[in-house]
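S.K.: I am sharing query_3.csv, which consists of CSV, N, CA and C atoms:
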chain,number,residue,atom,x,y,z
A,63,MET,N,-14.6,-16.5,-1.9
A,63,MET,CA,-15.5,-15.4,-2.1
A,63,MET,C,-14.8,-14.3,-2.8
A,64,PHE,N,-15.4,-13.7,-3.8
A,64,PHE,CA,-14.8,-12.6,-4.6
A,64,PHE,C,-15.3,-11.3,-4.0
A,65,VAL,N,-14.4,-10.3,-3.9
A,65,VAL,CA,-14.7,-9.0,-3.4
A,65,VAL,C,-14.4,-8.1,-4.6
A,66,PRO,N,-15.4,-7.3,-5.1
A,66,PRO,CA,-15.1,-6.4,-6.2
A,66,PRO,C,-14.1,-5.4,-5.9
A,67,ARG,N,-13.3,-5.1,-6.9
A,67,ARG,CA,-12.2,-4.0,-6.8
A,67,ARG,C,-12.8,-2.7,-6.3
A,68,SER,N,-14.1,-2.4,-6.8
A,68,SER,CA,-14.7,-1.1,-6.4
A,68,SER,C,-15.0,-1.0,-4.9
A,69,ILE,N,-15.2,-2.2,-4.3
A,69,ILE,CA,-15.4,-2.2,-2.8
A,69,ILE,C,-14.1,-2.0,-2.1
A,70,LEU,N,-13.1,-2.8,-2.6
A,70,LEU,CA,-11.8,-2.7,-2.0
A,70,LEU,C,-11.1,-1.4,-2.1
A,71,ARG,N,-11.5,-0.6,-3.1
A,71,ARG,CA,-10.9,0.8,-3.2
A,71,ARG,C,-11.2,1.6,-2.0
A,72,GLN,N,-12.2,1.3,-1.3
A,72,GLN,CA,-12.6,2.0,-0.1
A,72,GLN,C,-11.5,1.9,1.0
A,73,LEU,N,-10.6,1.0,0.9
A,73,LEU,CA,-9.5,0.8,1.8
A,73,LEU,C,-8.5,2.0,1.7
A,74,TYR,N,-8.4,2.6,0.5
A,74,TYR,CA,-7.4,3.7,0.3
A,74,TYR,C,-8.0,5.0,1.0
A,75,VAL,N,-7.1,5.7,1.7
A,75,VAL,CA,-7.5,6.9,2.3
A,75,VAL,C,-7.2,8.0,1.2
A,76,LYS,N,-8.3,8.5,0.6
A,76,LYS,CA,-8.2,9.5,-0.4
A,76,LYS,C,-7.4,10.7,0.0
A,77,GLY,N,-6.5,11.1,-0.8
A,77,GLY,CA,-5.7,12.3,-0.5
A,77,GLY,C,-4.4,12.0,0.3
A,78,SER,N,-4.2,10.7,0.6
A,78,SER,CA,-3.0,10.4,1.4
A,78,SER,C,-1.7,10.2,0.6
A,79,LEU,N,-1.8,10.1,-0.8
A,79,LEU,CA,-0.7,9.9,-1.6
A,79,LEU,C,0.2,11.1,-1.6
A,80,GLU,N,1.5,10.9,-1.2
A,80,GLU,CA,2.4,12.1,-1.1
A,80,GLU,C,3.8,11.7,-1.4
A,81,ASN,N,4.6,12.6,-1.9
A,81,ASN,CA,6.0,12.4,-2.1
A,81,ASN,C,6.7,12.5,-0.7
A,82,VAL,N,7.7,11.7,-0.5
A,82,VAL,CA,8.4,11.8,0.8
A,82,VAL,C,10.0,11.8,0.6
A,83,ASP,N,10.6,12.6,1.4
A,83,ASP,CA,12.0,12.8,1.5
A,83,ASP,C,12.5,11.7,2.5
A,84,LEU,N,13.2,10.7,1.9
A,84,LEU,CA,13.6,9.6,2.8
A,84,LEU,C,14.9,9.7,3.4
A,85,ASP,N,15.8,10.6,2.8
A,85,ASP,CA,17.2,10.7,3.3
A,85,ASP,C,17.5,12.1,3.9
A,86,GLY,N,16.5,13.0,3.9
A,86,GLY,CA,16.7,14.3,4.6
A,86,GLY,C,17.4,15.3,3.7
A,87,ASP,N,17.5,15.0,2.4
A,87,ASP,CA,18.2,16.0,1.5
A,87,ASP,C,17.3,17.0,0.9
A,88,GLY,N,16.0,17.0,1.3
A,88,GLY,CA,15.1,18.0,0.7
A,88,GLY,C,14.5,17.5,-0.6
A,89,GLN,N,14.9,16.4,-1.2
A,89,GLN,CA,14.3,15.9,-2.4
A,89,GLN,C,13.5,14.6,-2.2
A,90,PRO,N,12.4,14.4,-2.8
A,90,PRO,CA,11.7,13.2,-2.6
A,90,PRO,C,12.4,12.0,-3.3
A,91,GLU,N,12.4,10.9,-2.5
A,91,GLU,CA,13.0,9.6,-3.0
A,91,GLU,C,11.9,8.5,-3.1
A,92,GLY,N,10.7,8.9,-2.8
A,92,GLY,CA,9.6,7.9,-2.8
A,92,GLY,C,8.3,8.5,-2.5
A,93,VAL,N,7.3,7.7,-2.4
A,93,VAL,CA,5.9,8.1,-2.1
A,93,VAL,C,5.4,7.2,-1.0
A,94,ARG,N,4.3,7.7,-0.3
A,94,ARG,CA,3.7,6.9,0.7
A,94,ARG,C,2.2,7.2,0.6
A,95,PHE,N,1.4,6.3,1.1
A,95,PHE,CA,0.0,6.4,1.1
A,95,PHE,C,-0.6,5.6,2.3
A,96,LYS,N,-1.8,5.8,2.6
A,96,LYS,CA,-2.4,5.2,3.8
A,96,LYS,C,-3.6,4.3,3.4
A,97,LEU,N,-3.7,3.2,4.0
A,97,LEU,CA,-4.9,2.3,3.9
A,97,LEU,C,-5.6,2.3,5.2
A,98,ARG,N,-6.9,2.3,5.3
A,98,ARG,CA,-7.7,2.2,6.5
A,98,ARG,C,-8.8,1.1,6.3
A,99,ASN,N,-8.8,0.1,7.2
A,99,ASN,CA,-9.8,-0.9,7.0
A,99,ASN,C,-11.2,-0.4,7.5
A,100,THR,N,-12.0,-0.3,6.5
A,100,THR,CA,-13.4,0.1,6.8
A,100,THR,C,-14.4,-1.0,6.4
A,101,LEU,N,-13.9,-2.1,6.0
A,101,LEU,CA,-14.7,-3.2,5.5
A,101,LEU,C,-15.1,-4.3,6.4
A,102,GLY,N,-14.1,-4.8,7.2
A,102,GLY,CA,-14.3,-6.0,8.1
A,102,GLY,C,-12.9,-6.5,8.4
A,103,GLY,N,-12.8,-7.2,9.6
A,103,GLY,CA,-11.6,-7.7,10.0
A,103,GLY,C,-11.1,-8.9,9.1
A,104,GLY,N,-9.8,-9.0,9.0
A,104,GLY,CA,-9.2,-10.1,8.2
A,104,GLY,C,-7.7,-10.2,8.5
A,105,THR,N,-7.2,-11.3,8.0
A,105,THR,CA,-5.8,-11.6,8.2
A,105,THR,C,-5.0,-11.5,6.9
A,106,ILE,N,-4.0,-10.7,6.9
A,106,ILE,CA,-3.1,-10.5,5.7
A,106,ILE,C,-1.9,-11.4,6.0
A,107,ARG,N,-1.6,-12.2,4.9
A,107,ARG,CA,-0.4,-13.0,5.0
A,107,ARG,C,0.2,-13.1,3.6
A,108,GLY,N,1.5,-13.4,3.5
A,108,GLY,CA,2.1,-13.6,2.2
A,108,GLY,C,2.5,-12.3,1.6
A,109,SER,N,2.8,-12.3,0.3
A,109,SER,CA,3.4,-11.2,-0.4
A,109,SER,C,2.5,-10.1,-0.7
A,110,LEU,N,3.1,-8.9,-0.8
A,110,LEU,CA,2.4,-7.7,-1.2
A,110,LEU,C,3.0,-7.2,-2.5
A,111,ARG,N,2.1,-7.0,-3.5
A,111,ARG,CA,2.6,-6.5,-4.8
A,111,ARG,C,2.0,-5.1,-5.0
A,112,VAL,N,2.9,-4.2,-5.5
A,112,VAL,CA,2.5,-2.8,-5.8
A,112,VAL,C,3.0,-2.4,-7.1
A,113,LYS,N,2.2,-1.7,-7.9
A,113,LYS,CA,2.6,-1.1,-9.2
A,113,LYS,C,2.3,0.4,-9.1
A,114,VAL,N,3.2,1.2,-9.6
A,114,VAL,CA,2.9,2.6,-9.7
A,114,VAL,C,2.9,3.0,-11.2
A,115,ASP,N,1.8,3.5,-11.7
A,115,ASP,CA,1.6,3.8,-13.1
A,115,ASP,C,2.1,2.6,-14.0
A,116,GLY,N,1.7,1.4,-13.6
A,116,GLY,CA,2.0,0.2,-14.4
A,116,GLY,C,3.4,-0.4,-14.2
A,117,GLU,N,4.2,0.2,-13.4
A,117,GLU,CA,5.6,-0.3,-13.1
A,117,GLU,C,5.6,-0.9,-11.8
A,118,GLU,N,6.0,-2.2,-11.8
A,118,GLU,CA,6.1,-3.0,-10.5
A,118,GLU,C,7.2,-2.5,-9.6
A,119,VAL,N,6.9,-2.3,-8.3
A,119,VAL,CA,7.9,-1.9,-7.3
A,119,VAL,C,8.5,-3.2,-6.7
A,120,LYS,N,9.8,-3.2,-6.7
A,120,LYS,CA,10.5,-4.4,-6.1
A,120,LYS,C,10.1,-4.6,-4.6
A,121,PRO,N,9.8,-5.8,-4.2
A,121,PRO,CA,9.4,-6.0,-2.8
A,121,PRO,C,10.3,-5.4,-1.8
A,122,ASP,N,11.6,-5.4,-2.0
A,122,ASP,CA,12.5,-4.9,-0.9
A,122,ASP,C,12.4,-3.3,-0.9
A,123,LYS,N,11.7,-2.7,-1.8
A,123,LYS,CA,11.5,-1.3,-1.8
A,123,LYS,C,10.1,-0.8,-1.3
A,124,ILE,N,9.4,-1.8,-0.7
A,124,ILE,CA,8.1,-1.5,-0.1
A,124,ILE,C,8.2,-1.7,1.4
A,125,VAL,N,7.9,-0.6,2.1
A,125,VAL,CA,7.9,-0.6,3.6
A,125,VAL,C,6.5,-0.5,4.1
A,126,ILE,N,6.2,-1.4,5.0
A,126,ILE,CA,4.8,-1.4,5.6
A,126,ILE,C,4.9,-1.0,7.0
A,127,GLU,N,4.1,0.0,7.4
A,127,GLU,CA,4.0,0.4,8.9
A,127,GLU,C,2.6,0.0,9.4
A,128,PHE,N,2.6,-0.8,10.4
A,128,PHE,CA,1.4,-1.3,11.0
A,128,PHE,C,1.5,-1.5,12.5
A,129,LYS,N,0.7,-0.8,13.3
A,129,LYS,CA,0.7,-1.0,14.7
A,129,LYS,C,2.1,-0.8,15.3
A,130,GLY,N,2.8,0.3,14.9
A,130,GLY,CA,4.1,0.6,15.5
A,130,GLY,C,5.2,-0.2,14.9
A,131,GLU,N,5.0,-1.1,14.0
A,131,GLU,CA,6.1,-1.9,13.4
A,131,GLU,C,6.3,-1.4,12.0
A,132,LYS,N,7.6,-1.5,11.6
A,132,LYS,CA,8.0,-1.1,10.2
A,132,LYS,C,8.7,-2.3,9.6
A,133,LEU,N,8.2,-2.8,8.6
A,133,LEU,CA,8.7,-4.0,7.9
A,133,LEU,C,8.8,-3.8,6.4
A,134,ARG,N,9.8,-4.4,5.8
A,134,ARG,CA,9.9,-4.5,4.3
A,134,ARG,C,9.0,-5.6,3.9
A,135,ALA,N,8.4,-5.5,2.7
A,135,ALA,CA,7.5,-6.5,2.2
A,135,ALA,C,8.0,-8.0,2.3
A,136,PRO,N,9.3,-8.3,2.0
A,136,PRO,CA,9.7,-9.6,2.1
A,136,PRO,C,9.7,-10.2,3.6
A,137,GLU,N,9.9,-9.3,4.5
A,137,GLU,CA,9.9,-9.7,6.0
A,137,GLU,C,8.4,-9.9,6.4
A,138,ALA,N,7.5,-9.1,5.9
A,138,ALA,CA,6.1,-9.2,6.3
A,138,ALA,C,5.5,-10.4,5.6
A,139,ALA,N,6.0,-10.8,4.5
A,139,ALA,CA,5.4,-12.0,3.8
A,139,ALA,C,5.5,-13.3,4.6
A,140,ASN,N,6.4,-13.3,5.5
A,140,ASN,CA,6.6,-14.5,6.4
A,140,ASN,C,5.7,-14.5,7.6
A,141,ARG,N,4.9,-13.5,7.8
A,141,ARG,CA,4.0,-13.3,9.0
A,141,ARG,C,2.6,-13.2,8.6
A,142,ALA,N,1.7,-13.2,9.6
A,142,ALA,CA,0.3,-13.0,9.4
A,142,ALA,C,-0.1,-11.8,10.3
A,143,PHE,N,-0.9,-10.9,9.8
A,143,PHE,CA,-1.3,-9.7,10.5
A,143,PHE,C,-2.8,-9.6,10.5
A,144,TYR,N,-3.4,-9.6,11.7
A,144,TYR,CA,-4.9,-9.4,11.8
A,144,TYR,C,-5.1,-7.9,11.7
A,145,VAL,N,-6.0,-7.5,10.8
A,145,VAL,CA,-6.3,-6.1,10.6
A,145,VAL,C,-7.8,-5.9,10.9
A,146,ALA,N,-8.0,-5.3,12.0
A,146,ALA,CA,-9.4,-5.0,12.5
A,146,ALA,C,-10.0,-3.8,11.8
A,147,VAL,N,-11.3,-3.6,11.9
A,147,VAL,CA,-11.9,-2.4,11.3
A,147,VAL,C,-11.4,-1.2,12.0
A,148,GLY,N,-11.0,-0.2,11.3
A,148,GLY,CA,-10.4,1.0,11.8
A,148,GLY,C,-8.9,1.0,11.8
A,149,ASP,N,-8.3,-0.1,11.7
A,149,ASP,CA,-6.8,-0.2,11.7
A,149,ASP,C,-6.3,0.5,10.4
A,150,GLU,N,-5.1,1.1,10.5
A,150,GLU,CA,-4.5,1.8,9.4
A,150,GLU,C,-3.1,1.2,9.1
A,151,ILE,N,-2.8,1.2,7.8
A,151,ILE,CA,-1.5,0.7,7.3
A,151,ILE,C,-0.9,1.8,6.5
A,152,MET,N,0.3,2.2,6.7
A,152,MET,CA,1.0,3.2,5.9
A,152,MET,C,2.0,2.4,5.0
A,153,ILE,N,2.0,2.7,3.7
A,153,ILE,CA,2.9,2.0,2.8
A,153,ILE,C,3.8,3.0,2.2
A,154,THR,N,5.1,2.8,2.3
A,154,THR,CA,6.1,3.7,1.6
A,154,THR,C,6.8,2.9,0.5
A,155,LEU,N,6.9,3.6,-0.6
A,155,LEU,CA,7.5,3.0,-1.8
A,155,LEU,C,8.8,3.8,-2.1
A,156,GLU,N,9.9,3.1,-1.9
A,156,GLU,CA,11.2,3.7,-2.2
A,156,GLU,C,11.6,3.6,-3.7
A,157,LEU,N,11.2,4.7,-4.4
A,157,LEU,CA,11.3,4.7,-5.9
A,157,LEU,C,12.6,5.3,-6.4
A,158,GLY,N,13.3,6.0,-5.5
A,158,GLY,CA,14.5,6.7,-5.9
A,158,GLY,C,14.2,8.1,-6.5
A,159,ARG,N,12.9,8.4,-6.4
A,159,ARG,CA,12.4,9.7,-6.9
A,159,ARG,C,11.0,9.9,-6.4
A,160,GLY,N,10.5,11.1,-6.5
A,160,GLY,CA,9.1,11.3,-6.2
A,160,GLY,C,8.3,11.2,-7.5
A,161,LEU,N,7.0,11.4,-7.3
A,161,LEU,CA,6.1,11.3,-8.5
A,161,LEU,C,5.8,12.8,-9.0
A,162,SER,N,5.7,12.9,-10.3
A,162,SER,CA,5.4,14.3,-10.8
A,162,SER,C,4.0,14.7,-10.4
A,163,PRO,N,3.8,16.0,-10.3
A,163,PRO,CA,2.4,16.5,-10.0
A,163,PRO,C,1.4,15.9,-10.9
A,164,GLY,N,0.2,15.7,-10.4
A,164,GLY,CA,-0.9,15.2,-11.2
A,164,GLY,C,-1.3,13.8,-10.7
A,165,GLU,N,-2.2,13.2,-11.5
A,165,GLU,CA,-2.8,11.9,-11.2
A,165,GLU,C,-1.8,10.8,-11.4
A,166,HIS,N,-1.9,9.8,-10.5
A,166,HIS,CA,-1.1,8.6,-10.7
A,166,HIS,C,-2.0,7.4,-10.2
A,167,ARG,N,-1.7,6.2,-10.9
A,167,ARG,CA,-2.5,5.0,-10.5
A,167,ARG,C,-1.6,4.1,-9.8
A,168,ILE,N,-2.1,3.6,-8.7
A,168,ILE,CA,-1.4,2.6,-7.8
A,168,ILE,C,-2.3,1.3,-7.8
A,169,ASP,N,-1.6,0.2,-8.1
A,169,ASP,CA,-2.3,-1.1,-8.1
A,169,ASP,C,-1.7,-1.9,-6.9
A,170,ILE,N,-2.5,-2.5,-6.1
A,170,ILE,CA,-2.1,-3.3,-4.9
A,170,ILE,C,-2.7,-4.7,-5.0
A,171,GLU,N,-1.9,-5.7,-4.6
A,171,GLU,CA,-2.4,-7.0,-4.6
A,171,GLU,C,-1.8,-7.7,-3.3
A,172,PHE,N,-2.6,-8.4,-2.5
A,172,PHE,CA,-2.1,-9.0,-1.3
A,172,PHE,C,-2.9,-10.3,-1.1
A,173,MET,N,-2.4,-11.1,-0.2
A,173,MET,CA,-3.1,-12.3,0.2
A,173,MET,C,-3.8,-12.2,1.5
A,174,THR,N,-5.0,-12.7,1.6
A,174,THR,CA,-5.7,-12.7,2.9
A,174,THR,C,-6.0,-14.2,3.2
A,175,GLN,N,-6.0,-14.5,4.5
A,175,GLN,CA,-6.3,-15.9,4.9
A,175,GLN,C,-7.8,-16.2,4.6
A,176,GLU,N,-8.6,-15.3,4.7
A,176,GLU,CA,-10.1,-15.5,4.5
A,176,GLU,C,-10.5,-15.6,3.1
A,177,LEU,N,-9.9,-14.7,2.2
A,177,LEU,CA,-10.4,-14.6,0.8
A,177,LEU,C,-9.4,-15.0,-0.2
A,178,GLY,N,-8.2,-15.3,0.2
A,178,GLY,CA,-7.2,-15.6,-0.8
A,178,GLY,C,-6.6,-14.3,-1.4
A,179,SER,N,-6.2,-14.3,-2.6
A,179,SER,CA,-5.6,-13.1,-3.3
A,179,SER,C,-6.7,-12.1,-3.6
A,180,VAL,N,-6.4,-10.8,-3.1
A,180,VAL,CA,-7.3,-9.7,-3.4
A,180,VAL,C,-6.5,-8.6,-4.0
A,181,GLY,N,-7.1,-7.7,-4.7
A,181,GLY,CA,-6.4,-6.6,-5.3
A,181,GLY,C,-7.3,-5.5,-5.7
A,182,PHE,N,-6.8,-4.3,-5.8
A,182,PHE,CA,-7.5,-3.1,-6.2
A,182,PHE,C,-6.5,-2.1,-6.7
A,183,ASP,N,-7.1,-1.1,-7.3
A,183,ASP,CA,-6.3,0.1,-7.8
A,183,ASP,C,-6.9,1.3,-7.3
A,184,PHE,N,-6.2,2.4,-7.3
A,184,PHE,CA,-6.8,3.7,-7.0
A,184,PHE,C,-6.0,4.7,-7.8
A,185,THR,N,-6.6,5.8,-8.1
A,185,THR,CA,-6.0,7.0,-8.8
A,185,THR,C,-6.1,8.2,-7.9
A,186,ASP,N,-5.0,8.9,-7.7
A,186,ASP,CA,-5.0,10.0,-6.8
A,186,ASP,C,-4.0,11.0,-7.3
A,187,THR,N,-4.1,12.2,-6.8
A,187,THR,CA,-3.1,13.3,-7.2
A,187,THR,C,-2.1,13.4,-6.0
A,188,VAL,N,-0.8,13.5,-6.4
A,188,VAL,CA,0.2,13.7,-5.4
A,188,VAL,C,0.1,15.0,-4.7
A,189,ARG,N,0.2,15.0,-3.4
A,189,ARG,CA,0.1,16.2,-2.6
A,189,ARG,C,1.4,16.9,-2.6
Could you express the structure from this file as structure tokens?
M.R.:
Amino acid sequence: MFVPRSILRQLYVKGSLENVDLDGDGQPEGVRFKLRNTLGGGTIRGSLRVKVDGEEVKPDKIVIEFKGEKLRAPEAANRAFYVAVGDEIMITLELGRGLSPGEHRIDIEFMTQELGSVGFDFTDTVR
């Protein structure tokens, strides 16, 4: 079953894209954003791919926070996660820098047990 990217964009929590200081030095070394399942329950398994402004983020630089657990994308790829309606996932990208003020495009692709590979993009302004 194919789910249009326009529907999947609803997973992104608008306004949640922000620069983050990962090492406490007062300078941003990455960004994070939130996804909230508003569509229907499903099982995520396998790899997660993320691009920022067209540039692929290495999997070991992607940190996923879900239900109190924090995992890097390669660790999460070996597990299955059931995501119910209302569940939230925080994704942190360790870019070595923050993003400049203004709009940025994020592309996300992941595997679901029910639908296979799905993906979407969103554009938001860094807070």
S.K.: Using all atoms listed in the file, which of A:Leu161, A:Ile106, A:Val114, A:Val125 sits nearest Arg141 in chain A?
M.R.: A:Ile106
S.K.: So how far away is CA of Thr105 in chain A from atom N of His166 in chain A, in Å?
M.R.: 28.7 Å
S.K.: Just checking: using only C-alpha atoms, which residue out of A:Asp169, A:Ala139, A:Gly148, A:Arg67 ends up closest to Arg107 in chain A?
M.R.: A:Ala139
S.K.: Could you tell me how far CA of Glu137 in chain A sits from CA of Gln175 in chain A, in Å to one decimal place?
M.R.: 17.4 Å
S.K.: Can you pull out the residues contacting Gly77 in chain A? Cut-off 10 Å, using only C-alpha atoms, and skip same-chain residues under 5 positions away; I want them as a list of chain:residue names.
M.R.: A:Phe95, A:Lys96, A:Thr185, A:Asp186, A:Thr187, A:Val188, A:Arg189
S.K.: Those residues with N, CA and C atoms, as a tab-separated table (two decimals), in the frame of the given file please?
M.R.:
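To be explicit, this is the file written out as selection.tsv:
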chain	number	residue	atom	x	y	z
A	95	PHE	N	1.40	6.30	1.10
A	95	PHE	CA	0.00	6.40	1.10
A	95	PHE	C	-0.60	5.60	2.30
A	96	LYS	N	-1.80	5.80	2.60
A	96	LYS	CA	-2.40	5.20	3.80
A	96	LYS	C	-3.60	4.30	3.40
A	185	THR	N	-6.60	5.80	-8.10
A	185	THR	CA	-6.00	7.00	-8.80
A	185	THR	C	-6.10	8.20	-7.90
A	186	ASP	N	-5.00	8.90	-7.70
A	186	ASP	CA	-5.00	10.00	-6.80
A	186	ASP	C	-4.00	11.00	-7.30
A	187	THR	N	-4.10	12.20	-6.80
A	187	THR	CA	-3.10	13.30	-7.20
A	187	THR	C	-2.10	13.40	-6.00
A	188	VAL	N	-0.80	13.50	-6.40
A	188	VAL	CA	0.20	13.70	-5.40
A	188	VAL	C	0.10	15.00	-4.70
A	189	ARG	N	0.20	15.00	-3.40
A	189	ARG	CA	0.10	16.20	-2.60
A	189	ARG	C	1.40	16.90	-2.60
S.K.: Restricting the calculation to only N, CA and C atoms: of A:Leu79, A:Leu97, A:Leu70, A:Ile153, which residue gets closest to Glu127 in chain A?
M.R.: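 Smallest distance to Glu127 in chain A is found for A:Ile153.
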S.K.: With distances taken over all atoms listed in the file, which of A:Pro121, A:Leu73, A:Met152, A:Glu80 is nearest to Gly92 in chain A?
M.R.: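 Smallest separation from Gly92 in chain A among the options: A:Glu80.
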S.K.: What is the distance between CA of Arg134 in chain A and CA of Ser162 in chain A, in Å to one decimal?
M.R.: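 Computed distance, CA of Arg134 in chain A to CA of Ser162 in chain A, equals 24.5 Å.
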S.K.: Go through A:Glu91, A:Asp183, A:Asp149, A:Asp122 one by one, measure the shortest atom-to-atom distance of each to Arg167 in chain A using all atoms listed in the file, and give the residue with the smallest value.
M.R.: A:Asp183
S.K.: From a DSSP calculation on the backbone, collect every residue of range 148-179 of chain A in strand (DSSP E) and output the set as a list of chain:residue names.
M.R.: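 So, restricting range 148-179 of chain A to strand (DSSP E), we get A:Glu150, A:Ile151, A:Met152, A:Ile153, A:Thr154, A:Leu155, A:Glu156, A:Glu165, A:His166, A:Arg167, A:Ile168, A:Asp169, A:Ile170, A:Glu171, A:Phe172, A:Met173, A:Thr174, A:Gly178, A:Ser179.
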S.K.: Could you pull out every residue with an atom within 9 Å of (-3.2, -12.3, 3.6), file coordinates, counting only C-alpha atoms, and send them as a PDB file with N, CA and C atoms, in the frame of the given file?
M.R.:
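The result, written out as result.pdb:
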ATOM      1  N   GLY A 104      -9.800  -9.000   9.000  1.00  0.00           N
ATOM      2  CA  GLY A 104      -9.200 -10.100   8.200  1.00  0.00           C
ATOM      3  C   GLY A 104      -7.700 -10.200   8.500  1.00  0.00           C
ATOM      4  N   THR A 105      -7.200 -11.300   8.000  1.00  0.00           N
ATOM      5  CA  THR A 105      -5.800 -11.600   8.200  1.00  0.00           C
ATOM      6  C   THR A 105      -5.000 -11.500   6.900  1.00  0.00           C
ATOM      7  N   ILE A 106      -4.000 -10.700   6.900  1.00  0.00           N
ATOM      8  CA  ILE A 106      -3.100 -10.500   5.700  1.00  0.00           C
ATOM      9  C   ILE A 106      -1.900 -11.400   6.000  1.00  0.00           C
ATOM     10  N   ARG A 107      -1.600 -12.200   4.900  1.00  0.00           N
ATOM     11  CA  ARG A 107      -0.400 -13.000   5.000  1.00  0.00           C
ATOM     12  C   ARG A 107       0.200 -13.100   3.600  1.00  0.00           C
ATOM     13  N   GLY A 108       1.500 -13.400   3.500  1.00  0.00           N
ATOM     14  CA  GLY A 108       2.100 -13.600   2.200  1.00  0.00           C
ATOM     15  C   GLY A 108       2.500 -12.300   1.600  1.00  0.00           C
ATOM     16  N   SER A 109       2.800 -12.300   0.300  1.00  0.00           N
ATOM     17  CA  SER A 109       3.400 -11.200  -0.400  1.00  0.00           C
ATOM     18  C   SER A 109       2.500 -10.100  -0.700  1.00  0.00           C
ATOM     19  N   LEU A 110       3.100  -8.900  -0.800  1.00  0.00           N
ATOM     20  CA  LEU A 110       2.400  -7.700  -1.200  1.00  0.00           C
ATOM     21  C   LEU A 110       3.000  -7.200  -2.500  1.00  0.00           C
ATOM     22  N   ALA A 139       6.000 -10.800   4.500  1.00  0.00           N
ATOM     23  CA  ALA A 139       5.400 -12.000   3.800  1.00  0.00           C
ATOM     24  C   ALA A 139       5.500 -13.300   4.600  1.00  0.00           C
ATOM     25  N   ALA A 142       1.700 -13.200   9.600  1.00  0.00           N
ATOM     26  CA  ALA A 142       0.300 -13.000   9.400  1.00  0.00           C
ATOM     27  C   ALA A 142      -0.100 -11.800  10.300  1.00  0.00           C
ATOM     28  N   PHE A 143      -0.900 -10.900   9.800  1.00  0.00           N
ATOM     29  CA  PHE A 143      -1.300  -9.700  10.500  1.00  0.00           C
ATOM     30  C   PHE A 143      -2.800  -9.600  10.500  1.00  0.00           C
ATOM     31  N   TYR A 144      -3.400  -9.600  11.700  1.00  0.00           N
ATOM     32  CA  TYR A 144      -4.900  -9.400  11.800  1.00  0.00           C
ATOM     33  C   TYR A 144      -5.100  -7.900  11.700  1.00  0.00           C
ATOM     34  N   PHE A 172      -2.600  -8.400  -2.500  1.00  0.00           N
ATOM     35  CA  PHE A 172      -2.100  -9.000  -1.300  1.00  0.00           C
ATOM     36  C   PHE A 172      -2.900 -10.300  -1.100  1.00  0.00           C
ATOM     37  N   MET A 173      -2.400 -11.100  -0.200  1.00  0.00           N
ATOM     38  CA  MET A 173      -3.100 -12.300   0.200  1.00  0.00           C
ATOM     39  C   MET A 173      -3.800 -12.200   1.500  1.00  0.00           C
ATOM     40  N   THR A 174      -5.000 -12.700   1.600  1.00  0.00           N
ATOM     41  CA  THR A 174      -5.700 -12.700   2.900  1.00  0.00           C
ATOM     42  C   THR A 174      -6.000 -14.200   3.200  1.00  0.00           C
ATOM     43  N   GLN A 175      -6.000 -14.500   4.500  1.00  0.00           N
ATOM     44  CA  GLN A 175      -6.300 -15.900   4.900  1.00  0.00           C
ATOM     45  C   GLN A 175      -7.800 -16.200   4.600  1.00  0.00           C
ATOM     46  N   GLU A 176      -8.600 -15.300   4.700  1.00  0.00           N
ATOM     47  CA  GLU A 176     -10.100 -15.500   4.500  1.00  0.00           C
ATOM     48  C   GLU A 176     -10.500 -15.600   3.100  1.00  0.00           C
ATOM     49  N   LEU A 177      -9.900 -14.700   2.200  1.00  0.00           N
ATOM     50  CA  LEU A 177     -10.400 -14.600   0.800  1.00  0.00           C
ATOM     51  C   LEU A 177      -9.400 -15.000  -0.200  1.00  0.00           C
ATOM     52  N   GLY A 178      -8.200 -15.300   0.200  1.00  0.00           N
ATOM     53  CA  GLY A 178      -7.200 -15.600  -0.800  1.00  0.00           C
ATOM     54  C   GLY A 178      -6.600 -14.300  -1.400  1.00  0.00           C
ATOM     55  N   SER A 179      -6.200 -14.300  -2.600  1.00  0.00           N
ATOM     56  CA  SER A 179      -5.600 -13.100  -3.300  1.00  0.00           C
ATOM     57  C   SER A 179      -6.700 -12.100  -3.600  1.00  0.00           C
ATOM     58  N   VAL A 180      -6.400 -10.800  -3.100  1.00  0.00           N
ATOM     59  CA  VAL A 180      -7.300  -9.700  -3.400  1.00  0.00           C
ATOM     60  C   VAL A 180      -6.500  -8.600  -4.000  1.00  0.00           C
TER      61      VAL A 180
END
S.K.: As a PyMOL selection string, list the residues of chain A assigned to helix (DSSP H, G or I) by DSSP on the backbone atoms of this structure.
M.R.: chain A and resi 67-73+121-123+135-138
